[in-house]
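A quick write-up on the structure given underneath.
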Amino acid sequence: MKGLAPGYRSAELIRFASLSGYTIIGGFTKLLQYFIRNYKPDDIMSYADRDWSLGKAYEQSGFKLTDITPPAEIWLKLDTLVRRFPHRLAIEFVNGKPDVAAEEYAKVYNTGNLKYILYL
């Protein structure tokens, strides 16, 4: 990370998930403790997708809310309901619309993300 001391170790938690229908009591905290003990980061950053989360697990684990990102443009393929960010589509855009049967896609927006950092 630019602007931080040499040797500063920052980690990113990209995804925490569990099998649908199962709850692991303290699973998030246990995962964090294991990672911190073994990798010794100076901070851990993560995002909570506002479509699915209020970020409570982060707050309960000591993370601080540092930013709220704006809603992002997403293209929804109507026949499969698969969501894609514009940079992940393998199609060309003309005047802001897909240059393939435009009726196959709908532009929607998510509700943004909550950015959290756990300073250690």
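In the structure tokens, chains take letters A, B, ... by order of appearance, with residues numbered from 1 within each chain and ligands from 1 in the order shown.
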
Inset, instruction - Please identify all polymer residues within 10 Å of range 33-40 of chain A, counting only C-alpha atoms, omitting same-chain residues fewer than 5 positions from it, and present them as an MDAnalysis selection string. - result: chainID A and resid 9:11 27:28 61 120

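Backbone DSSP over range 45-91 of chain A gives alpha helix (DSSP H) for Lys56, Ala57, Tyr58, Glu59 and Gln60 of chain A.
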
Selection to disk with C-alpha atoms, as a PDB file, in the first residue's frame:
ATOM      1  CA  LYS A  56     -22.662  -6.506  11.595  1.00  0.00           C
ATOM      2  CA  ALA A  57     -20.136  -9.382  11.670  1.00  0.00           C
ATOM      3  CA  TYR A  58     -17.370  -6.924  10.777  1.00  0.00           C
ATOM      4  CA  GLU A  59     -18.422  -4.449  13.460  1.00  0.00           C
ATOM      5  CA  GLN A  60     -18.722  -7.182  16.103  1.00  0.00           C
TER       6      GLN A  60
END

Inset, instruction - Using only C-alpha atoms, find the one residue out of A:Leu13, A:Thr29, A:Asn110, A:Lys115 that sits nearest to Trp52 in chain A. - result: A:Asn110

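Between Thr66 in chain A and the candidates A:Ala5, A:Ile14, A:Leu31, A:Leu114, the tightest atom-to-atom separation, counting only C-alpha atoms, involves A:Leu114.
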
Inset, instruction - Identify which of the residues A:Tyr119, A:Leu89, A:Asp79, A:Pro41 lies closest to Lys64 in chain A, counting only C-alpha atoms when measuring atom-to-atom distances. - result: A:Tyr119

Inset, instruction - Please identify all polymer residues within 7 Å of Leu76 in chain A, counting only C-alpha atoms, omitting same-chain residues fewer than 3 positions from it, and present them as a list in words. - result: Leu81, Val82, Arg83, Arg84, Tyr105, Ala106, Lys107 and Val108 of chain A

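In this comparison, which uses only C-alpha atoms, the residue of A:Ile44, A:Gly112, A:Lys30, A:Ile25 approaching Ile68 in chain A most closely is A:Gly112.
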
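Minimum distance to Tyr109 in chain A across A:Gly62, A:Arg15, A:Asp67, A:Asp51 (counting only C-alpha atoms) occurs at A:Asp51.
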
Legend entry - Separation of CA of Ile74 in chain A from CA of Leu19 in chain A, in Å and rounded to one decimal: 25.9 Å

Inset, instruction - May I ask for the distance between CA of Thr23 in chain A and CA of Asp49 in chain A, given in Å to one decimal place? - result: 19.4 Å

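Atom pair CA of Thr69 in chain A / CA of Phe85 in chain A: separated by 15.0 Å.
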